[in-house]
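Peer 1: Sharing a structure, written as structure tokens. Questions coming.
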Amino acid sequence: MDSRSNVLVVGAGPVGLLSALLLKRRGIEVSVVDQAEPSEARSFAVVLHPRTVEMLASFGVVNPLLWQGHSFNRIAVFADGERRALLDVPVDGEFANGGLTLPQNVLRTALEKALHSAGVKVKYGQRLLSLEQDERQVRSRMVRQKTGARAGHLGHVEDGEDLTVVSDFVIGADGYQSAIRDSLGIAMLEVSGPQTFAFFDVPHPPPMGATVELALAEHCSGIYPLHGGMTRYSFELATAPQNPLGASELGDLRRSRIPWHVSAVETVEWSGVRTFRRALAERFGHGRVWLAGDACHAANPLGAQSLNVGLREARELATAIEECLEGRHLERLTIGYAEQRHLEWRRLLAIGGPPTLGTRAPTWAAKYLKQLLGCLPATGDDLDELLAQLSVTLL
Ligand SMILES: Cc1cc2nc3c(=O)[nH]c(=O)nc-3n(C[C@H](O)[C@H](O)[C@H](O)COP(=O)(O)OP(=O)(O)OC[C@H]3O[C@@H](n4cnc5c(N)ncnc54)[C@H](O)[C@@H]3O)c2cc1C
């Protein structure tokens with residue numbers, strides 16, 4: 001069975017949903033597919049930078065996020081166990097009272113509702129198997145997964161109905177294990193080895209209210225305030241633990257990493273362990289198929305840069321595709337979208353060597369510069385402004 005659309009978006013994560021919403025609002029026909037079924041399961045907390053909150057507000061999807069999120073407007077930075085600085089989070093706009101933490105499902109639901117109101121329903125349970133493109137169009141082959149079917153790899157045929165979508169463009173917002181990236185033969189360049197993080201959501205009020213705490217040492221740690229009198233503790237671990245983590249492990253980590261927090265923690269509401277890699281796709285796409293979000297980069301979860309830059313990519317890719325559909329040359333994508341994105345990521349991930357520092361940078365900041373770049377919840381000018389508050393200038 002064939003269907004046709006201007007743009008096929010593969011992946012209904014935050015990045016895919018936002019790109020589909022922006023395209024649809026500009027009058028472009030868009031289809032969105034996701035291999036998973038919508039989940040009611042508890043979702044982990046994500047961090048939105050102030051500039052992302054402002055951007056979402058400009059698209060009219062910020063209110064439910066503000067109701068169910070927790071703002072932060074300062075960052076206390078510790079290094080080697082000593083408090084070094086208290087930074088003001090740069091805010092430039094009328095909606096964001098700083099950055100925001102909230103469950104990822106809340107963000108997804110807000111975007112999906114807006115998309116639904118614009119007339120697009122996400123097709124869940126459809127997995128991209130393969131795609132072919134020529135100069136005029138892309139043919140994407142999908143399989144409708146049987147409920148409970150396990151996702152396999154690209155090219156692995158499963159039981160279920162076969163569907164083909166013919167489109168002018170495809171957006172691959174299909175996450176870190178991107179099948180679209182694989183199908184284009186694009187390699188993921190790992191900038192550092194695997195980093196394992198443990199996350200704990202604890203039912204006690206954030207110790208410093210609307211202030212995030214970042215502790216730099218051999219391994220980084222962070223404390224973010226969450227909605228509803230909750231606190232999120234995140235710790236980079238030396239090795240992946242063998243057993244699930246609970247209050248006792250959290251107690252050990254707090255004593256060794258953030259000993260200035262002396263109150264005991266009795267209960268952990270949720271904990272999880274996950275390995276991340278700092279990585280960048282060697283290209284962001286080709287011809288009529290383009291990547292955005294975790295499909296083309298991965299970063300330290302403490303700074304949440306992959307998600308936040310990914311949402312900006314959604315906006316920029318939607319604009320570039322709209323212009324191409326209106327007659328601009330495909331170079332608008334190659335140069336206007338992909339090259340710009342690549343440059344930003346090379347800087348964020350310090351690819352090509354660590355950035356050169358101005359002479360006023362304190363010794364501790366120079367020592368932990370890579371961690372700082374990955375852990376601060378900001379990018380672009382806002383990241384430069386936070387670094388400037390630490391007397392750090394990147395030359
Ligand atoms: C456990 C965990 C903890 C995290 N913690 C944090 C945190 O504390 N703070 C933070 O800000 N960020 C965190 N992140 C990162 C954040 O979730 C991602 O940056 C963000 O989800 C990226 O959004 P995305 O839309 O690019 O991709 P995703 O959210 O990964 O969405 C990709 C979608 O594509 C679908 N898909 C994949 N392959 C196919 C296919 N072949 N066909 C059809 N559909 C497909 C998937 O089902 C998925 O819904 C965490 C991520 C994880 C997994």
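For the structure tokens, the naming scheme is as follows: chains receive sequential letters (A, B, ...) according to their order of presentation, residues are indexed from 1 within each chain, and ligands are indexed from 1 in presentation order.
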Near stretch 237-244 of chain A, within 10 Å and counting only C-alpha atoms, which residues show up once chain neighbours fewer than 3 positions away are dropped, as a PyMOL selection string?
Peer 2: chain A and resi 194-198+218-221+234+249+253+271-275
Peer 1: Using DSSP on the backbone, list every residue of stretch 118-359 of chain A that comes out as alpha helix (DSSP H), and give them as a PyMOL selection string.
Peer 2: chain A and resi 179-183+247-257+305-325+331+340-348
Peer 1: Kindly work out which residues sit at most 6 Å from ligand 1, using only C-alpha atoms and all ligand atoms, and give the list as a PyMOL selection string.
Peer 2: chain A and resi 10-16+33-36+44-47+126-128+173-175+178-179+274+293-295+301+304+306-307
Peer 1: Which residues come within 10 Å of stretch 312-317 of chain A, counting only C-alpha atoms, excluding same-chain residues fewer than 5 positions away, as a PyMOL selection string?
Peer 2: chain A and resi 14-23+51-52+55-56+171+173+290-293+307+322-323+332-333+336-338+341
Peer 1: Which one is closest to A:Asp2: A:Leu383, A:Val77, A:Leu163, A:Leu280? Count only C-alpha atoms.
Peer 2: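 Of A:Leu383, A:Val77, A:Leu163, A:Leu280, the one nearest A:Asp2 is A:Leu163, counting only C-alpha atoms.
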Peer 1: Would you mind telling me which residue in A:Leu111, A:Met208, A:Glu282, A:Val170 lies nearest to A:Ile351 when using only C-alpha atoms?
Peer 2: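 Nearest candidate to A:Ile351 out of A:Leu111, A:Met208, A:Glu282, A:Val170: A:Glu282.
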Peer 1: Separation of atom CA of A:Asp88 and atom CA of A:Gly374, in Å?
Peer 2: 17.4 Å
Peer 1: Would you pick out the contacts of A:Ala110 at 10 Å or less, using only C-alpha atoms, so that residues sharing its chain but fewer than 2 positions from it are not included, and give the list as a list in words?
Peer 2: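 Here the answer would be Pro14, Leu17, Gly60, Val61, Val62, Asn63, Pro64, Leu65, Asn105, Val106, Leu107, Arg108, Glu112, Lys113, Ala114, Leu115 and His116 of chain A.
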Peer 1: Using all heavy atoms, can you write the selected residues to a file as a short mmCIF file (atom, residue, chain, number, x, y, z; two decimals), in the first residue's frame?
Peer 2:
data_model
loop_
_atom_site.label_atom_id
_atom_site.label_comp_id
_atom_site.auth_asym_id
_atom_site.auth_seq_id
_atom_site.Cartn_x
_atom_site.Cartn_y
_atom_site.Cartn_z
N PRO A 14 10.65 14.28 20.82
CA PRO A 14 10.43 15.73 20.81
C PRO A 14 10.89 16.39 19.51
O PRO A 14 10.22 17.30 19.00
CB PRO A 14 11.27 16.23 21.99
CG PRO A 14 11.60 15.04 22.81
CD PRO A 14 11.42 13.82 21.98
N LEU A 17 8.50 15.48 16.51
CA LEU A 17 7.18 16.12 16.68
C LEU A 17 7.26 17.61 16.39
O LEU A 17 6.39 18.17 15.73
CB LEU A 17 6.66 15.89 18.11
CG LEU A 17 6.24 14.45 18.44
CD1 LEU A 17 5.98 14.29 19.93
CD2 LEU A 17 5.00 14.04 17.64
N GLY A 60 3.57 28.50 20.89
CA GLY A 60 2.32 28.30 21.62
C GLY A 60 2.23 26.97 22.34
O GLY A 60 1.12 26.49 22.59
N VAL A 61 3.34 26.36 22.68
CA VAL A 61 3.27 25.06 23.38
C VAL A 61 3.97 25.10 24.73
O VAL A 61 4.47 24.08 25.19
CB VAL A 61 3.85 23.89 22.54
CG1 VAL A 61 2.91 23.44 21.47
CG2 VAL A 61 5.21 24.22 21.96
N VAL A 62 3.95 26.26 25.39
CA VAL A 62 4.75 26.30 26.61
C VAL A 62 3.92 26.16 27.89
O VAL A 62 4.43 25.70 28.91
CB VAL A 62 5.62 27.58 26.64
CG1 VAL A 62 4.86 28.77 27.20
CG2 VAL A 62 6.88 27.34 27.45
N ASN A 63 2.63 26.50 27.86
CA ASN A 63 1.89 26.54 29.13
C ASN A 63 1.88 25.23 29.90
O ASN A 63 2.23 25.22 31.08
CB ASN A 63 0.47 27.06 28.91
CG ASN A 63 0.49 28.57 28.77
OD1 ASN A 63 1.48 29.19 29.16
ND2 ASN A 63 -0.54 29.14 28.20
N PRO A 64 1.52 24.09 29.28
CA PRO A 64 1.54 22.84 30.06
C PRO A 64 2.93 22.52 30.59
O PRO A 64 3.07 21.86 31.63
CB PRO A 64 1.10 21.76 29.06
CG PRO A 64 0.97 22.42 27.74
CD PRO A 64 1.09 23.89 27.91
N LEU A 65 3.96 23.00 29.90
CA LEU A 65 5.32 22.73 30.37
C LEU A 65 5.60 23.53 31.64
O LEU A 65 6.19 23.03 32.59
CB LEU A 65 6.34 23.10 29.30
CG LEU A 65 6.09 22.62 27.87
CD1 LEU A 65 7.28 22.94 26.99
CD2 LEU A 65 5.84 21.11 27.85
N ASN A 105 7.72 12.96 28.89
CA ASN A 105 6.36 12.70 28.37
C ASN A 105 5.53 13.96 28.30
O ASN A 105 4.65 14.08 27.45
CB ASN A 105 5.63 11.70 29.27
CG ASN A 105 5.89 10.30 28.82
OD1 ASN A 105 6.52 10.09 27.78
ND2 ASN A 105 5.43 9.32 29.59
N VAL A 106 5.74 14.87 29.24
CA VAL A 106 4.97 16.12 29.25
C VAL A 106 5.31 16.92 27.99
O VAL A 106 4.42 17.47 27.32
CB VAL A 106 5.27 16.93 30.53
CG1 VAL A 106 4.65 18.31 30.47
CG2 VAL A 106 4.78 16.18 31.76
N LEU A 107 6.58 16.96 27.66
CA LEU A 107 7.01 17.68 26.45
C LEU A 107 6.43 17.01 25.21
O LEU A 107 5.88 17.66 24.32
CB LEU A 107 8.55 17.70 26.41
CG LEU A 107 9.20 18.29 25.17
CD1 LEU A 107 8.81 19.75 25.00
CD2 LEU A 107 10.73 18.18 25.28
N ARG A 108 6.55 15.69 25.16
CA ARG A 108 6.03 14.95 23.99
C ARG A 108 4.53 15.17 23.84
O ARG A 108 4.03 15.39 22.74
CB ARG A 108 6.30 13.45 24.15
CG ARG A 108 7.67 13.04 23.64
CD ARG A 108 7.89 11.56 23.79
NE ARG A 108 7.10 10.79 22.83
CZ ARG A 108 7.51 9.66 22.27
NH1 ARG A 108 8.69 9.20 22.55
NH2 ARG A 108 6.74 9.00 21.44
N GLU A 112 2.60 16.73 20.77
CA GLU A 112 1.70 15.86 20.00
C GLU A 112 0.29 16.44 19.94
O GLU A 112 -0.38 16.36 18.91
CB GLU A 112 1.69 14.46 20.62
CG GLU A 112 1.04 13.48 19.66
CD GLU A 112 1.13 12.03 20.12
OE1 GLU A 112 1.90 11.74 21.05
OE2 GLU A 112 0.42 11.22 19.51
N LYS A 113 -0.16 17.04 21.04
CA LYS A 113 -1.50 17.67 21.04
C LYS A 113 -1.54 18.81 20.04
O LYS A 113 -2.51 18.98 19.29
CB LYS A 113 -1.84 18.20 22.43
CG LYS A 113 -2.40 17.14 23.33
CD LYS A 113 -2.99 17.76 24.58
CE LYS A 113 -3.55 16.66 25.47
NZ LYS A 113 -3.56 17.02 26.87
N ALA A 114 -0.47 19.63 20.02
CA ALA A 114 -0.44 20.76 19.07
C ALA A 114 -0.45 20.23 17.64
O ALA A 114 -1.12 20.77 16.76
CB ALA A 114 0.80 21.60 19.33
N LEU A 115 0.26 19.14 17.42
CA LEU A 115 0.31 18.54 16.07
C LEU A 115 -1.06 18.00 15.68
O LEU A 115 -1.52 18.17 14.54
CB LEU A 115 1.37 17.43 16.08
CG LEU A 115 1.70 16.76 14.76
CD1 LEU A 115 2.24 17.77 13.75
CD2 LEU A 115 2.73 15.65 14.97
N HIS A 116 -1.70 17.37 16.64
CA HIS A 116 -3.03 16.83 16.41
C HIS A 116 -4.01 17.95 16.06
O HIS A 116 -4.80 17.84 15.11
CB HIS A 116 -3.50 16.07 17.67
CG HIS A 116 -4.57 15.08 17.38
ND1 HIS A 116 -5.16 14.32 18.33
CD2 HIS A 116 -5.19 14.75 16.24
CE1 HIS A 116 -6.08 13.56 17.79
NE2 HIS A 116 -6.12 13.81 16.52
#
Peer 1: Do you have the atom CA of A:Ala187-atom CA of A:Val289 distance handy?
Peer 2: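 These two atoms are separated by 15.2 Å.
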Peer 1: Set the distance at 8 Å and use only C-alpha atoms: which residues neighbour A:Pro203 once local chain neighbours fewer than 3 positions away are removed? I'd like the list as a ChimeraX atom specification.
Peer 2: /A:229-231,267-269
Peer 1: Which one of A:Pro225, A:Pro50, A:Gly209, A:Pro377 sits closest to A:Gly93 if you count only C-alpha atoms?
Peer 2: A:Pro50
Peer 1: Taking the backbone alone, and naming residues the way the document does, which bits of stretch 244-363 of chain A are strand (DSSP E) by DSSP, as a list in words?
Peer 2: Trp270, Ser271, Gly272, Val273, Arg274, Thr275, Phe276, Ala279, Leu280, Ala281, Gly285, His286, Val289, Trp290, Leu291, His297 and Ala298 of chain A
Peer 1: Choose the residue, out of A:Leu311, A:Ala320, A:Ala279, A:Leu325, that has the smallest atom-to-atom separation from A:Ile28; count only C-alpha atoms.
Peer 2: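 Once distances to A:Ile28 are computed over only C-alpha atoms, the minimum belongs to A:Leu325.
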Peer 1: I need the residue nearest A:Leu226 from this list: A:Ala366, A:Leu395, A:Val7, A:Val202. Use only C-alpha atoms for the distance.
Peer 2: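 Counting only C-alpha atoms, the residue closest to A:Leu226 is A:Val202.
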Peer 1: Got a sec: who's within 12 Å of A:Gly358, counting only C-alpha atoms, leaving out chain neighbours fewer than 5 positions off, as number ranges by chain?
Peer 2: A: 363, 365-366, 387-388, 390-395
Peer 1: Would you pick out the contacts of A:Ala79 at 7 Å or less, using only C-alpha atoms, so that residues sharing its chain but fewer than 4 positions from it are not included, and give the list as a VMD selection string?
Peer 2: chain A and resid 83 to 84 215 to 217 364
Peer 1: Hey, can you spit out that residue selection with N, CA, C and O atoms as a PDB file, in the first residue's frame?
Peer 2:
ATOM      1  N   ARG A  83      33.188  25.146  46.609  1.00  0.00           N
ATOM      2  CA  ARG A  83      32.282  25.976  45.816  1.00  0.00           C
ATOM      3  C   ARG A  83      33.083  27.094  45.133  1.00  0.00           C
ATOM      4  O   ARG A  83      33.824  27.821  45.785  1.00  0.00           O
ATOM      5  N   ARG A  84      32.910  27.209  43.809  1.00  0.00           N
ATOM      6  CA  ARG A  84      33.739  28.150  43.039  1.00  0.00           C
ATOM      7  C   ARG A  84      32.955  29.326  42.495  1.00  0.00           C
ATOM      8  O   ARG A  84      33.523  30.393  42.284  1.00  0.00           O
ATOM      9  N   ALA A 215      28.856  19.563  40.232  1.00  0.00           N
ATOM     10  CA  ALA A 215      30.095  19.274  40.955  1.00  0.00           C
ATOM     11  C   ALA A 215      31.076  18.630  39.984  1.00  0.00           C
ATOM     12  O   ALA A 215      30.809  17.546  39.452  1.00  0.00           O
ATOM     13  N   LEU A 216      32.194  19.309  39.736  1.00  0.00           N
ATOM     14  CA  LEU A 216      33.197  18.816  38.795  1.00  0.00           C
ATOM     15  C   LEU A 216      34.320  18.147  39.566  1.00  0.00           C
ATOM     16  O   LEU A 216      34.787  18.674  40.579  1.00  0.00           O
ATOM     17  N   ALA A 217      34.707  16.996  39.109  1.00  0.00           N
ATOM     18  CA  ALA A 217      35.818  16.251  39.715  1.00  0.00           C
ATOM     19  C   ALA A 217      36.205  15.222  38.660  1.00  0.00           C
ATOM     20  O   ALA A 217      35.856  15.402  37.488  1.00  0.00           O
ATOM     21  N   TRP A 364      41.013  26.048  38.118  1.00  0.00           N
ATOM     22  CA  TRP A 364      40.062  24.930  38.215  1.00  0.00           C
ATOM     23  C   TRP A 364      39.207  24.844  36.945  1.00  0.00           C
ATOM     24  O   TRP A 364      38.857  23.752  36.494  1.00  0.00           O
TER      25      TRP A 364
END
Peer 1: Counting only C-alpha atoms, which of A:Phe169, A:Trp270, A:Trp345, A:Tyr124 gets nearest to A:Arg139?
Peer 2: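 So, comparing all the options, the nearest one is A:Phe169.
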